[in-house]
Amino acid sequence: MESIKNRLAEALAVRNMTAAELSRKSGIDKGSISNYLKGKFIPKQNKIGSMAKALNVSPSWLMGYPVTIDGKEYEPIDVSMLSEINKAKLMAYYQALIDSQGE
């Protein structure tokens, strides 16, 4: 099963949303979302539900279960299908995550 932090990062990239936007839409503070993305904490069920709703994804998918983003049978994301802009954003996001873990 894939980790919540990976699925959360993927959902943000797919939805072209920043962590700050997710914070505003979900009502979860930015610090908590940052910690979820770093894998420091696992969100409680109610937080998963709020983030899933804000991201328009299945809560099961966000928790790492083998279903698609909308809750159907799972197929991993094909990064080659993302636009060049979204690929660049995804790579910048992952680099920022890596950089922040070194702090």
# chains A, B, ... in the order shown; residues from 1 in each chain; ligands from 1
>>> residues_around(residues="Ser34 (chain A)", least_positions_apart="6", cutoff="12 Å", atoms="only C-alpha atoms", output="list of chain:residue names")
A:Lys5, A:Leu8, A:Ala9, A:Thr18, A:Ala19, A:Ala20, A:Leu22, A:Ser23, A:Ile28, A:Lys40, A:Phe41, A:Ile42, A:Pro43, A:Tyr93, A:Ala96, A:Leu97, A:Ser100, A:Gln101
>>> write_last_selection(atoms="C-alpha atoms", output="PDB file, in the first residue's frame")
ATOM      1  CA  LYS A   5       2.383  11.418   1.931  1.00  0.00           C
ATOM      2  CA  LEU A   8      -1.142  13.614  -1.067  1.00  0.00           C
ATOM      3  CA  ALA A   9       1.783  14.936  -3.125  1.00  0.00           C
ATOM      4  CA  THR A  18      -0.486  24.106  -3.667  1.00  0.00           C
ATOM      5  CA  ALA A  19      -0.361  23.030  -0.043  1.00  0.00           C
ATOM      6  CA  ALA A  20      -1.498  26.549   0.903  1.00  0.00           C
ATOM      7  CA  LEU A  22      -5.309  22.821   0.201  1.00  0.00           C
ATOM      8  CA  SER A  23      -5.055  24.399   3.626  1.00  0.00           C
ATOM      9  CA  ILE A  28      -6.425  22.242   7.943  1.00  0.00           C
ATOM     10  CA  LYS A  40       6.109  13.137  10.041  1.00  0.00           C
ATOM     11  CA  PHE A  41       2.478  12.508  10.947  1.00  0.00           C
ATOM     12  CA  ILE A  42      -0.384  10.497   9.532  1.00  0.00           C
ATOM     13  CA  PRO A  43      -3.623  12.466   9.370  1.00  0.00           C
ATOM     14  CA  TYR A  93       7.572  20.054  -5.418  1.00  0.00           C
ATOM     15  CA  ALA A  96      11.360  21.147  -2.224  1.00  0.00           C
ATOM     16  CA  LEU A  97      10.326  18.138  -0.128  1.00  0.00           C
ATOM     17  CA  SER A 100      13.110  20.522   3.468  1.00  0.00           C
ATOM     18  CA  GLN A 101      13.974  17.095   4.881  1.00  0.00           C
TER      19      GLN A 101
END
>>> residues_around(residues="Asn46 (chain A)", least_positions_apart="2", cutoff="12 Å", atoms="only C-alpha atoms", output="VMD selection string")
chain A and resid 26 to 28 42 to 44 48 to 53 59 63
>>> atom_distance(atom1="CA of Lys87 (chain A)", atom2="CA of Asn16 (chain A)")
10.3 Å
>>> residues_around(residues="Arg15 (chain A)", least_positions_apart="3", cutoff="9 Å", atoms="only C-alpha atoms", output="list in words")
Glu10, Ala11, Leu12, Thr18, Leu55 and Asn56 of chain A
>>> write_last_selection(atoms="C-alpha atoms", output="mmCIF file, in the first residue's frame")
data_model
loop_
_atom_site.group_PDB
_atom_site.id
_atom_site.type_symbol
_atom_site.label_atom_id
_atom_site.label_comp_id
_atom_site.auth_asym_id
_atom_site.auth_seq_id
_atom_site.Cartn_x
_atom_site.Cartn_y
_atom_site.Cartn_z
ATOM 1 C CA GLU A 10 0.402 13.202 -6.221
ATOM 2 C CA ALA A 11 -3.091 14.634 -5.672
ATOM 3 C CA LEU A 12 -1.700 18.148 -5.289
ATOM 4 C CA THR A 18 -0.486 24.106 -3.667
ATOM 5 C CA LEU A 55 -8.797 17.647 -3.625
ATOM 6 C CA ASN A 56 -11.805 15.905 -5.178
#
>>> atom_distance(atom1="CA of Arg24 (chain A)", atom2="CA of Ser80 (chain A)")
29.5 Å
>>> select_by_dssp(residues="chain A", states="helix (DSSP H, G or I)", output="ChimeraX atom specification")
/A:4-14,19-26,30-38,45-55,59-62,79-81,84-101
>>> residues_around(residues="Asp70 (chain A)", least_positions_apart="4", cutoff="8 Å", atoms="only C-alpha atoms", output="list in words")
Asn56, Val57, Ser58 and Trp61 of chain A
>>> atom_distance(atom1="CA of Met81 (chain A)", atom2="CA of Tyr65 (chain A)")
21.9 Å
>>> closest_residue(among="A:Thr68, A:Ala88, A:Met17, A:Lys25", to="Lys47 (chain A)", atoms="only C-alpha atoms")
A:Lys25
>>> closest_residue(among="A:Val67, A:Met91, A:Asn86, A:Ile4", to="Asn35 (chain A)", atoms="only C-alpha atoms")
A:Ile4
>>> decode(residues="region 19-60 of chain A", atoms="N, CA and C atoms", output="PDB file, in the first residue's frame")
ATOM      1  N   ALA A  19      -0.019  23.408  -1.415  1.00  0.00           N
ATOM      2  CA  ALA A  19      -0.361  23.030  -0.043  1.00  0.00           C
ATOM      3  C   ALA A  19      -1.136  24.153   0.639  1.00  0.00           C
ATOM      4  N   ALA A  20      -0.787  25.404   0.320  1.00  0.00           N
ATOM      5  CA  ALA A  20      -1.498  26.549   0.903  1.00  0.00           C
ATOM      6  C   ALA A  20      -2.957  26.567   0.439  1.00  0.00           C
ATOM      7  N   GLU A  21      -3.182  26.257  -0.836  1.00  0.00           N
ATOM      8  CA  GLU A  21      -4.562  26.194  -1.345  1.00  0.00           C
ATOM      9  C   GLU A  21      -5.333  25.069  -0.664  1.00  0.00           C
ATOM     10  N   LEU A  22      -4.668  23.939  -0.482  1.00  0.00           N
ATOM     11  CA  LEU A  22      -5.309  22.821   0.201  1.00  0.00           C
ATOM     12  C   LEU A  22      -5.668  23.215   1.623  1.00  0.00           C
ATOM     13  N   SER A  23      -4.796  23.936   2.267  1.00  0.00           N
ATOM     14  CA  SER A  23      -5.055  24.399   3.626  1.00  0.00           C
ATOM     15  C   SER A  23      -6.322  25.256   3.669  1.00  0.00           C
ATOM     16  N   ARG A  24      -6.418  26.196   2.747  1.00  0.00           N
ATOM     17  CA  ARG A  24      -7.599  27.073   2.701  1.00  0.00           C
ATOM     18  C   ARG A  24      -8.875  26.286   2.411  1.00  0.00           C
ATOM     19  N   LYS A  25      -8.807  25.366   1.452  1.00  0.00           N
ATOM     20  CA  LYS A  25     -10.000  24.624   1.047  1.00  0.00           C
ATOM     21  C   LYS A  25     -10.433  23.575   2.065  1.00  0.00           C
ATOM     22  N   SER A  26      -9.482  23.025   2.801  1.00  0.00           N
ATOM     23  CA  SER A  26      -9.796  21.940   3.733  1.00  0.00           C
ATOM     24  C   SER A  26      -9.997  22.421   5.163  1.00  0.00           C
ATOM     25  N   GLY A  27      -9.491  23.618   5.470  1.00  0.00           N
ATOM     26  CA  GLY A  27      -9.567  24.117   6.832  1.00  0.00           C
ATOM     27  C   GLY A  27      -8.501  23.531   7.755  1.00  0.00           C
ATOM     28  N   ILE A  28      -7.530  22.844   7.180  1.00  0.00           N
ATOM     29  CA  ILE A  28      -6.425  22.242   7.943  1.00  0.00           C
ATOM     30  C   ILE A  28      -5.243  23.199   7.860  1.00  0.00           C
ATOM     31  N   ASP A  29      -4.603  23.466   8.993  1.00  0.00           N
ATOM     32  CA  ASP A  29      -3.519  24.449   8.968  1.00  0.00           C
ATOM     33  C   ASP A  29      -2.343  23.967   8.120  1.00  0.00           C
ATOM     34  N   LYS A  30      -1.618  24.948   7.584  1.00  0.00           N
ATOM     35  CA  LYS A  30      -0.499  24.664   6.672  1.00  0.00           C
ATOM     36  C   LYS A  30       0.572  23.803   7.314  1.00  0.00           C
ATOM     37  N   GLY A  31       0.828  24.015   8.595  1.00  0.00           N
ATOM     38  CA  GLY A  31       1.848  23.221   9.290  1.00  0.00           C
ATOM     39  C   GLY A  31       1.505  21.743   9.312  1.00  0.00           C
ATOM     40  N   SER A  32       0.236  21.430   9.549  1.00  0.00           N
ATOM     41  CA  SER A  32      -0.188  20.026   9.561  1.00  0.00           C
ATOM     42  C   SER A  32      -0.029  19.404   8.187  1.00  0.00           C
ATOM     43  N   ILE A  33      -0.451  20.138   7.149  1.00  0.00           N
ATOM     44  CA  ILE A  33      -0.315  19.608   5.789  1.00  0.00           C
ATOM     45  C   ILE A  33       1.154  19.392   5.456  1.00  0.00           C
ATOM     46  N   SER A  34       2.004  20.320   5.845  1.00  0.00           N
ATOM     47  CA  SER A  34       3.440  20.167   5.626  1.00  0.00           C
ATOM     48  C   SER A  34       3.965  18.903   6.309  1.00  0.00           C
ATOM     49  N   ASN A  35       3.525  18.673   7.529  1.00  0.00           N
ATOM     50  CA  ASN A  35       3.960  17.469   8.255  1.00  0.00           C
ATOM     51  C   ASN A  35       3.433  16.196   7.600  1.00  0.00           C
ATOM     52  N   TYR A  36       2.225  16.224   7.059  1.00  0.00           N
ATOM     53  CA  TYR A  36       1.691  15.055   6.350  1.00  0.00           C
ATOM     54  C   TYR A  36       2.534  14.777   5.106  1.00  0.00           C
ATOM     55  N   LEU A  37       2.892  15.849   4.377  1.00  0.00           N
ATOM     56  CA  LEU A  37       3.682  15.702   3.158  1.00  0.00           C
ATOM     57  C   LEU A  37       5.092  15.195   3.443  1.00  0.00           C
ATOM     58  N   LYS A  38       5.627  15.531   4.595  1.00  0.00           N
ATOM     59  CA  LYS A  38       6.965  15.071   4.981  1.00  0.00           C
ATOM     60  C   LYS A  38       6.923  13.670   5.588  1.00  0.00           C
ATOM     61  N   GLY A  39       5.721  13.180   5.876  1.00  0.00           N
ATOM     62  CA  GLY A  39       5.587  11.864   6.484  1.00  0.00           C
ATOM     63  C   GLY A  39       5.844  11.874   7.982  1.00  0.00           C
ATOM     64  N   LYS A  40       5.869  13.054   8.599  1.00  0.00           N
ATOM     65  CA  LYS A  40       6.109  13.137  10.041  1.00  0.00           C
ATOM     66  C   LYS A  40       4.899  12.654  10.835  1.00  0.00           C
ATOM     67  N   PHE A  41       3.719  12.918  10.295  1.00  0.00           N
ATOM     68  CA  PHE A  41       2.478  12.508  10.947  1.00  0.00           C
ATOM     69  C   PHE A  41       1.529  11.928   9.922  1.00  0.00           C
ATOM     70  N   ILE A  42       0.679  11.044  10.377  1.00  0.00           N
ATOM     71  CA  ILE A  42      -0.384  10.497   9.532  1.00  0.00           C
ATOM     72  C   ILE A  42      -1.679  11.173   9.953  1.00  0.00           C
ATOM     73  N   PRO A  43      -2.403  11.756   8.995  1.00  0.00           N
ATOM     74  CA  PRO A  43      -3.623  12.466   9.370  1.00  0.00           C
ATOM     75  C   PRO A  43      -4.701  11.533   9.906  1.00  0.00           C
ATOM     76  N   LYS A  44      -5.505  12.056  10.821  1.00  0.00           N
ATOM     77  CA  LYS A  44      -6.643  11.303  11.344  1.00  0.00           C
ATOM     78  C   LYS A  44      -7.722  11.244  10.270  1.00  0.00           C
ATOM     79  N   GLN A  45      -8.667  10.338  10.467  1.00  0.00           N
ATOM     80  CA  GLN A  45      -9.705  10.078   9.473  1.00  0.00           C
ATOM     81  C   GLN A  45     -10.454  11.340   9.047  1.00  0.00           C
ATOM     82  N   ASN A  46     -10.816  12.200  10.005  1.00  0.00           N
ATOM     83  CA  ASN A  46     -11.566  13.402   9.642  1.00  0.00           C
ATOM     84  C   ASN A  46     -10.737  14.347   8.780  1.00  0.00           C
ATOM     85  N   LYS A  47      -9.428  14.391   9.008  1.00  0.00           N
ATOM     86  CA  LYS A  47      -8.539  15.231   8.198  1.00  0.00           C
ATOM     87  C   LYS A  47      -8.388  14.647   6.797  1.00  0.00           C
ATOM     88  N   ILE A  48      -8.314  13.329   6.719  1.00  0.00           N
ATOM     89  CA  ILE A  48      -8.242  12.674   5.407  1.00  0.00           C
ATOM     90  C   ILE A  48      -9.491  13.003   4.612  1.00  0.00           C
ATOM     91  N   GLY A  49     -10.639  12.932   5.261  1.00  0.00           N
ATOM     92  CA  GLY A  49     -11.896  13.254   4.593  1.00  0.00           C
ATOM     93  C   GLY A  49     -11.936  14.685   4.101  1.00  0.00           C
ATOM     94  N   SER A  50     -11.472  15.620   4.919  1.00  0.00           N
ATOM     95  CA  SER A  50     -11.453  17.034   4.522  1.00  0.00           C
ATOM     96  C   SER A  50     -10.513  17.270   3.347  1.00  0.00           C
ATOM     97  N   MET A  51      -9.340  16.653   3.394  1.00  0.00           N
ATOM     98  CA  MET A  51      -8.389  16.824   2.290  1.00  0.00           C
ATOM     99  C   MET A  51      -8.907  16.167   1.016  1.00  0.00           C
ATOM    100  N   ALA A  52      -9.481  14.970   1.143  1.00  0.00           N
ATOM    101  CA  ALA A  52     -10.014  14.268  -0.025  1.00  0.00           C
ATOM    102  C   ALA A  52     -11.104  15.095  -0.698  1.00  0.00           C
ATOM    103  N   LYS A  53     -11.970  15.674   0.112  1.00  0.00           N
ATOM    104  CA  LYS A  53     -13.047  16.501  -0.440  1.00  0.00           C
ATOM    105  C   LYS A  53     -12.470  17.724  -1.145  1.00  0.00           C
ATOM    106  N   ALA A  54     -11.516  18.404  -0.511  1.00  0.00           N
ATOM    107  CA  ALA A  54     -10.905  19.596  -1.108  1.00  0.00           C
ATOM    108  C   ALA A  54     -10.154  19.263  -2.402  1.00  0.00           C
ATOM    109  N   LEU A  55      -9.565  18.071  -2.447  1.00  0.00           N
ATOM    110  CA  LEU A  55      -8.797  17.647  -3.625  1.00  0.00           C
ATOM    111  C   LEU A  55      -9.646  16.919  -4.667  1.00  0.00           C
ATOM    112  N   ASN A  56     -10.899  16.652  -4.310  1.00  0.00           N
ATOM    113  CA  ASN A  56     -11.805  15.905  -5.178  1.00  0.00           C
ATOM    114  C   ASN A  56     -11.213  14.535  -5.543  1.00  0.00           C
ATOM    115  N   VAL A  57     -10.792  13.819  -4.497  1.00  0.00           N
ATOM    116  CA  VAL A  57     -10.265  12.463  -4.664  1.00  0.00           C
ATOM    117  C   VAL A  57     -10.978  11.546  -3.690  1.00  0.00           C
ATOM    118  N   SER A  58     -10.846  10.271  -3.904  1.00  0.00           N
ATOM    119  CA  SER A  58     -11.412   9.275  -3.004  1.00  0.00           C
ATOM    120  C   SER A  58     -10.594   9.220  -1.711  1.00  0.00           C
ATOM    121  N   PRO A  59     -11.252   9.236  -0.551  1.00  0.00           N
ATOM    122  CA  PRO A  59     -10.505   9.079   0.704  1.00  0.00           C
ATOM    123  C   PRO A  59      -9.714   7.773   0.731  1.00  0.00           C
ATOM    124  N   SER A  60     -10.268   6.713   0.162  1.00  0.00           N
ATOM    125  CA  SER A  60      -9.557   5.427   0.112  1.00  0.00           C
ATOM    126  C   SER A  60      -8.270   5.554  -0.687  1.00  0.00           C
TER     127      SER A  60
END
